[in-house]
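Listing of target-v5.cif, mmCIF, C-alpha atoms
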```cif
data_upload
loop_
_atom_site.group_PDB
_atom_site.id
_atom_site.type_symbol
_atom_site.label_atom_id
_atom_site.label_comp_id
_atom_site.auth_asym_id
_atom_site.auth_seq_id
_atom_site.Cartn_x
_atom_site.Cartn_y
_atom_site.Cartn_z
ATOM 1 C CA MET A 1 0.000 0.000 0.000
ATOM 2 C CA ALA A 2 0.896 3.582 0.018
ATOM 3 C CA SER A 3 3.930 4.482 2.010
ATOM 4 C CA ALA A 4 3.993 7.919 3.544
ATOM 5 C CA LEU A 5 6.866 9.742 5.157
ATOM 6 C CA ILE A 6 6.031 12.634 7.400
ATOM 7 C CA ARG A 7 8.181 14.953 9.449
ATOM 8 C CA VAL A 8 6.692 16.738 12.424
ATOM 9 C CA PRO A 9 8.872 18.138 15.222
ATOM 10 C CA GLU A 10 8.525 16.080 18.413
ATOM 11 C CA ARG A 11 8.732 19.121 20.655
ATOM 12 C CA ALA A 12 7.980 22.774 20.175
ATOM 13 C CA ARG A 13 7.520 25.901 22.230
ATOM 14 C CA ARG A 14 3.985 27.249 22.490
ATOM 15 C CA GLY A 15 3.348 29.680 19.662
ATOM 16 C CA GLU A 16 6.319 28.489 17.620
ATOM 17 C CA VAL A 17 5.839 28.140 13.869
ATOM 18 C CA ILE A 18 6.642 24.532 12.996
ATOM 19 C CA GLU A 19 7.184 23.073 9.562
ATOM 20 C CA ILE A 20 5.438 19.864 8.562
ATOM 21 C CA ARG A 21 6.708 17.899 5.573
ATOM 22 C CA ALA A 22 4.808 15.083 3.943
ATOM 23 C CA LEU A 23 5.788 12.713 1.150
ATOM 24 C CA ILE A 24 3.655 9.853 -0.077
ATOM 25 C CA GLY A 25 4.262 7.139 -2.637
ATOM 26 C CA HIS A 26 1.751 7.564 -5.466
ATOM 27 C CA PRO A 27 2.117 7.535 -9.283
ATOM 28 C CA MET A 28 -0.107 10.625 -9.820
ATOM 29 C CA GLU A 29 -1.085 9.227 -13.214
ATOM 30 C CA THR A 30 -2.160 12.306 -15.168
ATOM 31 C CA GLY A 31 -4.726 10.750 -17.487
ATOM 32 C CA TYR A 32 -2.944 12.291 -20.471
ATOM 33 C CA ARG A 33 -0.413 9.554 -21.123
ATOM 34 C CA ARG A 34 -0.969 6.717 -23.557
ATOM 35 C CA THR A 35 0.398 3.192 -23.736
ATOM 36 C CA GLN A 36 2.443 1.979 -26.697
ATOM 37 C CA HIS A 37 -0.821 0.829 -28.270
ATOM 38 C CA GLY A 38 -2.336 4.279 -28.054
ATOM 39 C CA ASP A 39 -4.760 3.552 -25.231
ATOM 40 C CA ARG A 40 -5.189 6.371 -22.776
ATOM 41 C CA ILE A 41 -4.074 5.524 -19.248
ATOM 42 C CA PRO A 42 -6.883 6.583 -16.907
ATOM 43 C CA ARG A 43 -6.278 9.321 -14.401
ATOM 44 C CA ASP A 44 -5.265 8.177 -10.945
ATOM 45 C CA ILE A 45 -4.226 11.038 -8.689
ATOM 46 C CA ILE A 46 -4.410 12.179 -5.106
ATOM 47 C CA ARG A 47 -6.953 14.984 -5.093
ATOM 48 C CA THR A 48 -6.882 16.285 -1.554
ATOM 49 C CA PHE A 49 -4.447 16.515 1.320
ATOM 50 C CA THR A 50 -5.471 17.753 4.741
ATOM 51 C CA CYS A 51 -3.769 18.355 8.041
ATOM 52 C CA ALA A 52 -5.721 18.222 11.284
ATOM 53 C CA TYR A 53 -4.241 19.438 14.574
ATOM 54 C CA ASN A 54 -6.084 17.724 17.421
ATOM 55 C CA GLY A 55 -9.037 17.272 15.117
ATOM 56 C CA THR A 56 -9.147 20.847 13.789
ATOM 57 C CA GLU A 57 -8.288 21.295 10.125
ATOM 58 C CA VAL A 58 -5.357 23.717 9.824
ATOM 59 C CA PHE A 59 -4.258 23.121 6.233
ATOM 60 C CA ARG A 60 -5.827 21.716 3.090
ATOM 61 C CA ALA A 61 -4.534 21.297 -0.449
ATOM 62 C CA GLU A 62 -6.311 20.399 -3.670
ATOM 63 C CA LEU A 63 -3.962 18.642 -6.047
ATOM 64 C CA HIS A 64 -4.182 18.449 -9.815
ATOM 65 C CA PRO A 65 -2.357 16.212 -12.311
ATOM 66 C CA ALA A 66 0.410 18.827 -12.541
ATOM 67 C CA ILE A 67 1.703 17.721 -9.147
ATOM 68 C CA ALA A 68 4.688 15.397 -9.513
ATOM 69 C CA ALA A 69 4.515 11.688 -8.726
ATOM 70 C CA ASN A 70 5.046 10.868 -5.053
ATOM 71 C CA PRO A 71 3.576 14.195 -3.934
ATOM 72 C CA PHE A 72 5.651 16.224 -1.510
ATOM 73 C CA ILE A 73 4.039 19.027 0.454
ATOM 74 C CA ALA A 74 5.623 21.193 3.106
ATOM 75 C CA PHE A 75 3.762 23.850 5.084
ATOM 76 C CA THR A 76 3.758 25.521 8.475
ATOM 77 C CA THR A 77 1.472 25.652 11.466
ATOM 78 C CA LEU A 78 1.521 27.177 14.938
ATOM 79 C CA ALA A 79 2.318 24.829 17.801
ATOM 80 C CA THR A 80 -0.696 25.565 19.979
ATOM 81 C CA GLU A 81 -0.971 22.578 22.304
ATOM 82 C CA SER A 82 0.317 19.055 22.811
ATOM 83 C CA GLY A 83 -1.507 16.444 20.859
ATOM 84 C CA THR A 84 -1.688 14.718 17.520
ATOM 85 C CA ILE A 85 -1.155 15.981 14.019
ATOM 86 C CA THR A 86 -2.986 13.868 11.457
ATOM 87 C CA LEU A 87 -2.300 14.020 7.740
ATOM 88 C CA THR A 88 -4.806 12.546 5.309
ATOM 89 C CA TRP A 89 -4.557 11.972 1.569
ATOM 90 C CA ALA A 90 -7.534 11.036 -0.581
ATOM 91 C CA GLY A 91 -7.858 10.494 -4.285
ATOM 92 C CA ASP A 92 -9.117 8.624 -7.309
ATOM 93 C CA ASN A 93 -10.118 4.958 -7.157
ATOM 94 C CA GLY A 94 -10.915 5.242 -3.471
ATOM 95 C CA PHE A 95 -7.338 6.065 -2.519
ATOM 96 C CA SER A 96 -6.990 7.007 1.112
ATOM 97 C CA ALA A 97 -4.053 7.171 3.497
ATOM 98 C CA THR A 98 -3.565 8.602 6.961
ATOM 99 C CA GLU A 99 -0.452 9.236 9.010
ATOM 100 C CA SER A 100 -0.228 10.880 12.375
ATOM 101 C CA ALA A 101 2.463 12.126 14.692
ATOM 102 C CA ALA A 102 2.482 13.235 18.311
ATOM 103 C CA ILE A 103 3.785 16.644 19.282
ATOM 104 C CA VAL A 104 4.674 17.917 22.749
ATOM 105 C CA VAL A 105 4.190 21.661 23.210
ATOM 106 C CA GLU A 106 5.714 23.240 26.264
ATOM 107 C CA MET B 1 8.521 41.378 -42.294
ATOM 108 C CA LEU B 2 10.518 39.466 -39.716
ATOM 109 C CA LEU B 3 7.966 40.355 -37.115
ATOM 110 C CA ALA B 4 5.176 39.035 -39.286
ATOM 111 C CA ALA B 5 7.099 35.805 -39.874
ATOM 112 C CA GLY B 6 7.601 35.498 -36.138
ATOM 113 C CA ALA B 7 3.915 35.986 -35.493
ATOM 114 C CA VAL B 8 3.054 33.319 -38.056
ATOM 115 C CA ALA B 9 5.546 30.903 -36.497
ATOM 116 C CA LEU B 10 4.132 31.594 -33.044
ATOM 117 C CA ALA B 11 0.586 31.092 -34.280
ATOM 118 C CA GLY B 12 1.734 27.823 -35.823
ATOM 119 C CA VAL B 13 3.094 26.651 -32.493
ATOM 120 C CA ILE B 14 -0.153 27.456 -30.750
ATOM 121 C CA VAL B 15 -2.321 25.898 -33.423
ATOM 122 C CA THR B 16 -0.377 22.635 -33.476
ATOM 123 C CA ARG B 17 -0.902 22.126 -29.764
ATOM 124 C CA PRO B 18 -4.652 22.194 -29.235
ATOM 125 C CA ALA B 19 -4.526 19.764 -26.307
ATOM 126 C CA ARG B 20 -2.457 22.142 -24.199
ATOM 127 C CA ALA B 21 -3.638 24.757 -21.824
ATOM 128 C CA THR B 22 -3.001 28.174 -23.310
ATOM 129 C CA PRO B 23 -2.420 31.525 -21.671
ATOM 130 C CA ALA B 24 -6.123 32.119 -22.381
ATOM 131 C CA SER B 25 -7.247 28.980 -20.571
ATOM 132 C CA MET B 26 -4.963 29.903 -17.695
ATOM 133 C CA GLN B 27 -6.708 33.285 -17.545
ATOM 134 C CA GLU B 28 -10.037 31.466 -17.480
ATOM 135 C CA ALA B 29 -8.890 29.246 -14.609
ATOM 136 C CA ILE B 30 -7.653 32.307 -12.752
ATOM 137 C CA ALA B 31 -10.952 34.081 -13.360
ATOM 138 C CA LYS B 32 -12.779 31.114 -11.820
ATOM 139 C CA VAL B 33 -10.842 31.666 -8.614
ATOM 140 C CA VAL B 34 -10.661 35.442 -8.391
ATOM 141 C CA GLY B 35 -13.936 36.353 -10.107
ATOM 142 C CA ALA B 36 -13.986 39.988 -11.141
ATOM 143 C CA ALA B 37 -11.494 41.073 -8.474
ATOM 144 C CA PRO B 38 -8.256 42.629 -9.712
ATOM 145 C CA VAL B 39 -5.020 40.676 -9.247
ATOM 146 C CA THR B 40 -2.112 42.896 -8.263
ATOM 147 C CA PRO B 41 1.525 41.864 -8.707
ATOM 148 C CA GLY B 42 3.305 41.842 -5.331
ATOM 149 C CA LYS B 43 3.306 40.331 -1.830
ATOM 150 C CA VAL B 44 3.575 36.835 -3.340
ATOM 151 C CA LYS B 45 6.951 35.234 -4.014
ATOM 152 C CA LEU B 46 7.051 32.229 -6.335
ATOM 153 C CA GLU B 47 10.377 30.429 -6.281
ATOM 154 C CA LEU B 48 11.096 28.079 -9.177
ATOM 155 C CA PRO B 49 14.420 27.198 -10.774
ATOM 156 C CA PRO B 50 14.847 29.269 -13.970
ATOM 157 C CA LEU B 51 16.289 26.315 -15.885
ATOM 158 C CA VAL B 52 14.922 22.811 -15.378
ATOM 159 C CA GLU B 53 16.465 19.696 -16.855
ATOM 160 C CA ASN B 54 13.640 17.340 -15.933
ATOM 161 C CA GLY B 55 10.080 18.647 -15.963
ATOM 162 C CA ASN B 56 8.725 15.642 -14.066
ATOM 163 C CA ALA B 57 9.486 16.987 -10.610
ATOM 164 C CA VAL B 58 10.244 20.669 -10.300
ATOM 165 C CA PRO B 59 10.486 22.070 -6.776
ATOM 166 C CA LEU B 60 8.496 25.214 -6.122
ATOM 167 C CA VAL B 61 7.987 27.386 -3.068
ATOM 168 C CA VAL B 62 5.283 30.008 -2.698
ATOM 169 C CA LYS B 63 5.505 32.563 0.082
ATOM 170 C CA VAL B 64 3.110 35.402 0.774
ATOM 171 C CA GLU B 65 3.974 38.397 2.909
ATOM 172 C CA SER B 66 1.407 38.531 5.682
ATOM 173 C CA PRO B 67 1.298 38.941 9.466
ATOM 174 C CA MET B 68 -1.022 35.873 9.519
ATOM 175 C CA THR B 69 -3.273 37.279 12.244
ATOM 176 C CA VAL B 70 -6.996 36.631 12.541
ATOM 177 C CA ALA B 71 -7.672 40.074 11.063
ATOM 178 C CA ASP B 72 -5.106 39.901 8.268
ATOM 179 C CA HIS B 73 -4.047 36.567 6.857
ATOM 180 C CA VAL B 74 -3.673 34.566 3.674
ATOM 181 C CA LYS B 75 -6.711 32.416 2.983
ATOM 182 C CA ALA B 76 -5.494 30.541 -0.058
ATOM 183 C CA ILE B 77 -2.652 30.168 -2.516
ATOM 184 C CA HIS B 78 -3.286 28.972 -6.072
ATOM 185 C CA VAL B 79 -0.725 27.966 -8.701
ATOM 186 C CA PHE B 80 -1.429 27.976 -12.444
ATOM 187 C CA THR B 81 0.499 27.070 -15.597
ATOM 188 C CA GLU B 82 0.192 28.231 -19.182
ATOM 189 C CA LYS B 83 1.129 25.164 -21.154
ATOM 190 C CA ASN B 84 0.472 22.045 -19.105
ATOM 191 C CA PRO B 85 -2.575 20.042 -20.258
ATOM 192 C CA GLN B 86 -4.565 21.693 -17.456
ATOM 193 C CA PRO B 87 -3.978 25.195 -16.104
ATOM 194 C CA ASN B 88 -4.466 24.261 -12.421
ATOM 195 C CA VAL B 89 -1.554 22.945 -10.405
ATOM 196 C CA VAL B 90 -2.475 23.190 -6.752
ATOM 197 C CA SER B 91 -4.700 25.207 -4.432
ATOM 198 C CA VAL B 92 -3.918 25.353 -0.750
ATOM 199 C CA PHE B 93 -6.155 26.731 1.972
ATOM 200 C CA LEU B 94 -4.696 28.043 5.172
ATOM 201 C CA GLY B 95 -5.504 30.478 7.930
ATOM 202 C CA PRO B 96 -4.017 32.380 10.842
ATOM 203 C CA ARG B 97 -2.983 29.076 12.415
ATOM 204 C CA ALA B 98 -0.444 28.551 9.642
ATOM 205 C CA GLY B 99 1.842 31.095 11.337
ATOM 206 C CA ARG B 100 3.547 31.825 8.010
ATOM 207 C CA ALA B 101 2.182 31.686 4.497
ATOM 208 C CA SER B 102 4.736 29.386 2.934
ATOM 209 C CA VAL B 103 4.114 26.216 0.956
ATOM 210 C CA SER B 104 6.477 23.924 -0.944
ATOM 211 C CA THR B 105 5.725 21.128 -3.359
ATOM 212 C CA ARG B 106 7.000 19.554 -6.568
ATOM 213 C CA MET B 107 5.235 20.036 -9.887
ATOM 214 C CA ARG B 108 5.307 18.811 -13.472
ATOM 215 C CA LEU B 109 6.127 21.130 -16.345
ATOM 216 C CA ALA B 110 5.143 20.037 -19.838
ATOM 217 C CA ASP B 111 7.036 22.828 -21.561
ATOM 218 C CA THR B 112 9.041 25.996 -21.211
ATOM 219 C CA GLN B 113 6.470 28.390 -19.832
ATOM 220 C CA THR B 114 5.309 30.876 -17.248
ATOM 221 C CA VAL B 115 3.957 29.714 -13.896
ATOM 222 C CA VAL B 116 1.686 32.024 -11.911
ATOM 223 C CA ALA B 117 1.008 31.978 -8.166
ATOM 224 C CA ILE B 118 -1.919 33.892 -6.680
ATOM 225 C CA GLY B 119 -2.435 34.635 -3.008
ATOM 226 C CA GLU B 120 -5.916 35.316 -1.665
ATOM 227 C CA LEU B 121 -5.953 37.507 1.438
ATOM 228 C CA SER B 122 -8.566 37.643 4.177
ATOM 229 C CA ASP B 123 -9.554 41.167 3.068
ATOM 230 C CA GLY B 124 -10.592 39.758 -0.314
ATOM 231 C CA THR B 125 -7.656 41.072 -2.342
ATOM 232 C CA PHE B 126 -5.595 38.950 -4.712
ATOM 233 C CA TRP B 127 -1.840 39.243 -5.248
ATOM 234 C CA SER B 128 0.364 37.427 -7.691
ATOM 235 C CA ASP B 129 3.838 36.548 -8.834
ATOM 236 C CA ARG B 130 5.042 34.791 -11.958
ATOM 237 C CA ALA B 131 8.131 32.807 -12.865
ATOM 238 C CA ASP B 132 9.486 31.900 -16.280
ATOM 239 C CA VAL B 133 10.926 28.413 -16.485
ATOM 240 C CA VAL B 134 12.941 26.863 -19.284
ATOM 241 C CA VAL B 135 12.388 23.089 -19.457
ATOM 242 C CA THR B 136 14.717 20.817 -21.431
ATOM 243 C CA LEU B 137 12.999 17.464 -20.756
ATOM 244 C CA ALA B 138 9.245 17.902 -20.606
ATOM 245 C CA ALA B 139 6.927 15.926 -18.330
ATOM 246 C CA CYS B 140 3.748 14.178 -19.490
ATOM 247 C CA LEU B 141 5.081 13.088 -22.860
ATOM 248 C CA GLU B 142 7.005 9.934 -22.087
ATOM 249 C CA GLU B 143 5.378 6.547 -22.521
ATOM 250 C CA PRO B 144 5.388 4.172 -19.598
#
```

What does this structure look like when you write it as structure tokens?
Amino acid sequence: MASALIRVPERARRGEVIEIRALIGHPMETGYRRTQHGDRIPRDIIRTFTCAYNGTEVFRAELHPAIAANPFIAFTTLATESGTITLTWAGDNGFSATESAAIVVE
Amino acid sequence: MLLAAGAVALAGVIVTRPARATPASMQEAIAKVVGAAPVTPGKVKLELPPLVENGNAVPLVVKVESPMTVADHVKAIHVFTEKNPQPNVVSVFLGPRAGRASVSTRMRLADTQTVVAIGELSDGTFWSDRADVVVTLAACLEEP
């Protein structure tokens, strides 16, 4: 299945801006390529990526076929409280993946 | 005379690539996002390498100048291309909890072209930046 790599700092000071990086294995098939026989390869992409901080959505991205295979996304968020950061990817053909990481805010 | 020849050659290039997004379709995609609001150059910084060897994975960073407070923050960042099959690349939605308006990803580039990033602020204004990229090996064309 899909393998995701995420990087979330383990510890942060309250109010600090932390960077979250996420990489997931996915072909991001554009739907514009053809096989050697001329058949169109159907689109198979990740369409949305969301980040929830203790259940509250803090970041969302809508992806299009112009995003490279194995999508990488890096963004920032404020370290508000200790808890869990959950990253979710969803896409064509029922694709869904979730990764989470714990963060301690002091 | 030369100018006319150039215009004909350019028209030829455009006509032979009907499947591609064009600057016009990019404008349409932008209009869908911004509506009738004016888009002002500034505040947004789109970082892309000027020369790309492989268009399959091109790193880009978009930053928007903003204090990112509840009263004044960046709501969304949109990226568009002129000559990929579709003009949309990515739209991200953030808020004051982002702390900074800065997003990185990797995109495909089907051709040498201009990429446009638009930042949507909480006061309803739109700001933009553009980057010209020269691509030597285009994405999307190779067969698996």

**Request:** Name the residues in contact with region 72-79 of chain A at a cut-off of 10 Å, using only C-alpha atoms, excluding same-chain residues fewer than 4 positions from it; report them as a PyMOL selection string.
**Result:** (chain A and resi 4-7+9+11-25+49+51+53+58-59+61+67-68+83+103-106) or (chain B and resi 57+59+61+92+94-107)

Could you please take those selected residues and save C-alpha atoms as a tab-separated table (two decimals), keeping the file's coordinate frame?
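Just written: part_9.tsv:
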```tsv
chain	number	residue	atom	x	y	z
A	4	ALA	CA	3.99	7.92	3.54
A	5	LEU	CA	6.87	9.74	5.16
A	6	ILE	CA	6.03	12.63	7.40
A	7	ARG	CA	8.18	14.95	9.45
A	9	PRO	CA	8.87	18.14	15.22
A	11	ARG	CA	8.73	19.12	20.66
A	12	ALA	CA	7.98	22.77	20.18
A	13	ARG	CA	7.52	25.90	22.23
A	14	ARG	CA	3.98	27.25	22.49
A	15	GLY	CA	3.35	29.68	19.66
A	16	GLU	CA	6.32	28.49	17.62
A	17	VAL	CA	5.84	28.14	13.87
A	18	ILE	CA	6.64	24.53	13.00
A	19	GLU	CA	7.18	23.07	9.56
A	20	ILE	CA	5.44	19.86	8.56
A	21	ARG	CA	6.71	17.90	5.57
A	22	ALA	CA	4.81	15.08	3.94
A	23	LEU	CA	5.79	12.71	1.15
A	24	ILE	CA	3.66	9.85	-0.08
A	25	GLY	CA	4.26	7.14	-2.64
A	49	PHE	CA	-4.45	16.52	1.32
A	51	CYS	CA	-3.77	18.36	8.04
A	53	TYR	CA	-4.24	19.44	14.57
A	58	VAL	CA	-5.36	23.72	9.82
A	59	PHE	CA	-4.26	23.12	6.23
A	61	ALA	CA	-4.53	21.30	-0.45
A	67	ILE	CA	1.70	17.72	-9.15
A	68	ALA	CA	4.69	15.40	-9.51
A	83	GLY	CA	-1.51	16.44	20.86
A	103	ILE	CA	3.78	16.64	19.28
A	104	VAL	CA	4.67	17.92	22.75
A	105	VAL	CA	4.19	21.66	23.21
A	106	GLU	CA	5.71	23.24	26.26
B	57	ALA	CA	9.49	16.99	-10.61
B	59	PRO	CA	10.49	22.07	-6.78
B	61	VAL	CA	7.99	27.39	-3.07
B	92	VAL	CA	-3.92	25.35	-0.75
B	94	LEU	CA	-4.70	28.04	5.17
B	95	GLY	CA	-5.50	30.48	7.93
B	96	PRO	CA	-4.02	32.38	10.84
B	97	ARG	CA	-2.98	29.08	12.42
B	98	ALA	CA	-0.44	28.55	9.64
B	99	GLY	CA	1.84	31.10	11.34
B	100	ARG	CA	3.55	31.82	8.01
B	101	ALA	CA	2.18	31.69	4.50
B	102	SER	CA	4.74	29.39	2.93
B	103	VAL	CA	4.11	26.22	0.96
B	104	SER	CA	6.48	23.92	-0.94
B	105	THR	CA	5.72	21.13	-3.36
B	106	ARG	CA	7.00	19.55	-6.57
B	107	MET	CA	5.24	20.04	-9.89
```

**Asked** Got a sec: who's within 9 Å of region 31-43 of chain B, counting only C-alpha atoms, leaving out chain neighbours fewer than 5 positions off, as a list of chain:residue names?
**Response**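 After dropping sequence-adjacent residues, the list is B:Met26, B:Lys63, B:Val64, B:Glu65, B:Ser66, B:His78, B:Ile118, B:Gly119, B:Glu120, B:Gly124, B:Thr125, B:Phe126, B:Trp127, B:Ser128, B:Asp129, B:Arg130.
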
Suppose we keep C-alpha atoms; can you now write the selection as a PDB file, in the frame of the given file?
```pdb
ATOM      1  CA  MET B  26      -4.963  29.903 -17.695  1.00  0.00           C
ATOM      2  CA  LYS B  63       5.505  32.563   0.082  1.00  0.00           C
ATOM      3  CA  VAL B  64       3.110  35.402   0.774  1.00  0.00           C
ATOM      4  CA  GLU B  65       3.974  38.397   2.909  1.00  0.00           C
ATOM      5  CA  SER B  66       1.407  38.531   5.682  1.00  0.00           C
ATOM      6  CA  HIS B  78      -3.286  28.972  -6.072  1.00  0.00           C
ATOM      7  CA  ILE B 118      -1.919  33.892  -6.680  1.00  0.00           C
ATOM      8  CA  GLY B 119      -2.435  34.635  -3.008  1.00  0.00           C
ATOM      9  CA  GLU B 120      -5.916  35.316  -1.665  1.00  0.00           C
ATOM     10  CA  GLY B 124     -10.592  39.758  -0.314  1.00  0.00           C
ATOM     11  CA  THR B 125      -7.656  41.072  -2.342  1.00  0.00           C
ATOM     12  CA  PHE B 126      -5.595  38.950  -4.712  1.00  0.00           C
ATOM     13  CA  TRP B 127      -1.840  39.243  -5.248  1.00  0.00           C
ATOM     14  CA  SER B 128       0.364  37.427  -7.691  1.00  0.00           C
ATOM     15  CA  ASP B 129       3.838  36.548  -8.834  1.00  0.00           C
ATOM     16  CA  ARG B 130       5.042  34.791 -11.958  1.00  0.00           C
TER      17      ARG B 130
END
```

**Asked** Hey, can you check how far CA of Val115 (chain B) sits from CA of Arg40 (chain A)?
**Response**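 Answer for the CA of Val115 (chain B) to CA of Arg40 (chain A) separation: 26.6 Å.
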
**Asked** For this file, the PyMOL selection byres ((chain A and resi 46) around 9) selects which residues, as a list in words?
**Response**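 Here the PyMOL selection byres ((chain A and resi 46) around 9) matches His26, Met28, Asp44, Ile45, Arg47, Thr48, Phe49, Glu62, Leu63, His64, Pro65, Pro71, Trp89, Ala90, Gly91, Asp92, Phe95 and Ser96 of chain A.
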
**Asked** Which of these residues is nearest to Glu29 (chain A), using only C-alpha atoms: B:Arg108, B:Ala131, B:Pro87, B:Val116?
**Response**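 Using only C-alpha atoms, Glu29 (chain A) sits closest to B:Arg108.
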
**Item:** Residue nearest Glu57 (chain A) - candidates A:Thr98, A:Thr35, A:Thr88, A:Ser82, atoms counted: all atoms listed in the file
**Value:** A:Thr88

Could you put an axis-aligned box around every listed atom of region 70-84 of chain B, padded by 5 Å on each side, and send me its centre and edge lengths in Å to one decimal, as JSON?
```
{"center_x": -3.3, "center_y": 31.1, "center_z": -4.3, "size_x": 18.8, "size_y": 28.0, "size_z": 43.7}
```

**Request:** To one decimal in Å, tell me the separation between CA of Pro85 (chain B) and CA of Arg60 (chain A).
**Result:**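 Spanning CA of Pro85 (chain B) to CA of Arg60 (chain A) is a straight-line distance of 23.6 Å.
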
**Asked** Which one is closest to Ile30 (chain B): B:Ile77, B:Ala110, B:Leu48, B:Val134? Count all atoms listed in the file.
**Response** B:Ile77

**Message:** Could you tell me how far CA of Leu46 (chain B) sits from CA of Val79 (chain B), in Å to one decimal place?
**Reply:**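 Interatomic distance here is 9.2 Å.
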
**Message:** I need the residue nearest chain A from this list: B:Val70, B:Val89, B:Leu60, B:Ala139. Use all atoms listed in the file for the distance.
**Reply:** B:Val89

**Prompt:** How would you write, as a list in words, the residues chosen by the PyMOL selection byres ((chain B and resi 71) around 10) on this structure?
**Reply:**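 For this structure, the PyMOL selection byres ((chain B and resi 71) around 10) captures Pro67, Met68, Thr69, Val70, Asp72, His73, Pro96, Ser122 and Asp123 of chain B.
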
Got time to write the residues from that selection, C-alpha atoms, as a PDB file, keeping the file's coordinate frame?
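And here is the file that came out, selection.pdb:
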```pdb
ATOM      1  CA  PRO B  67       1.298  38.941   9.466  1.00  0.00           C
ATOM      2  CA  MET B  68      -1.022  35.873   9.519  1.00  0.00           C
ATOM      3  CA  THR B  69      -3.273  37.279  12.244  1.00  0.00           C
ATOM      4  CA  VAL B  70      -6.996  36.631  12.541  1.00  0.00           C
ATOM      5  CA  ASP B  72      -5.106  39.901   8.268  1.00  0.00           C
ATOM      6  CA  HIS B  73      -4.047  36.567   6.857  1.00  0.00           C
ATOM      7  CA  PRO B  96      -4.017  32.380  10.842  1.00  0.00           C
ATOM      8  CA  SER B 122      -8.566  37.643   4.177  1.00  0.00           C
ATOM      9  CA  ASP B 123      -9.554  41.167   3.068  1.00  0.00           C
TER      10      ASP B 123
END
```

**Message:** Which polymer residues, whether protein, DNA or RNA, lie within 8 Å of the coordinate (16.3, 17.3, -21.1) when you count all atoms listed in the file? List them as a list in words, using the chain letters and numbers from the file.
**Reply:** Glu53, Asn54, Val135, Thr136, Leu137 and Ala138 of chain B

**Prompt:** Selected by the PyMOL selection byres ((chain A and resi 85) around 9) in the shown coordinates: which residues, as a ChimeraX atom specification?
**Reply:** /A:8,51-55,83-84,86-87,99-103

**Asked** So which one's closest to Ala76 (chain B), B:Lys45, B:Asn88, B:Ala117, B:Thr112? Using all atoms listed in the file, please.
**Response**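 Smallest separation from Ala76 (chain B) among the options: B:Ala117.
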
**Asked** For chain B, which of A:Thr56, A:Ala97, A:Tyr32, A:Pro42 is the closest residue, counting all atoms listed in the file?
**Response**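 Checking each candidate against chain B, we get A:Tyr32 as the closest.
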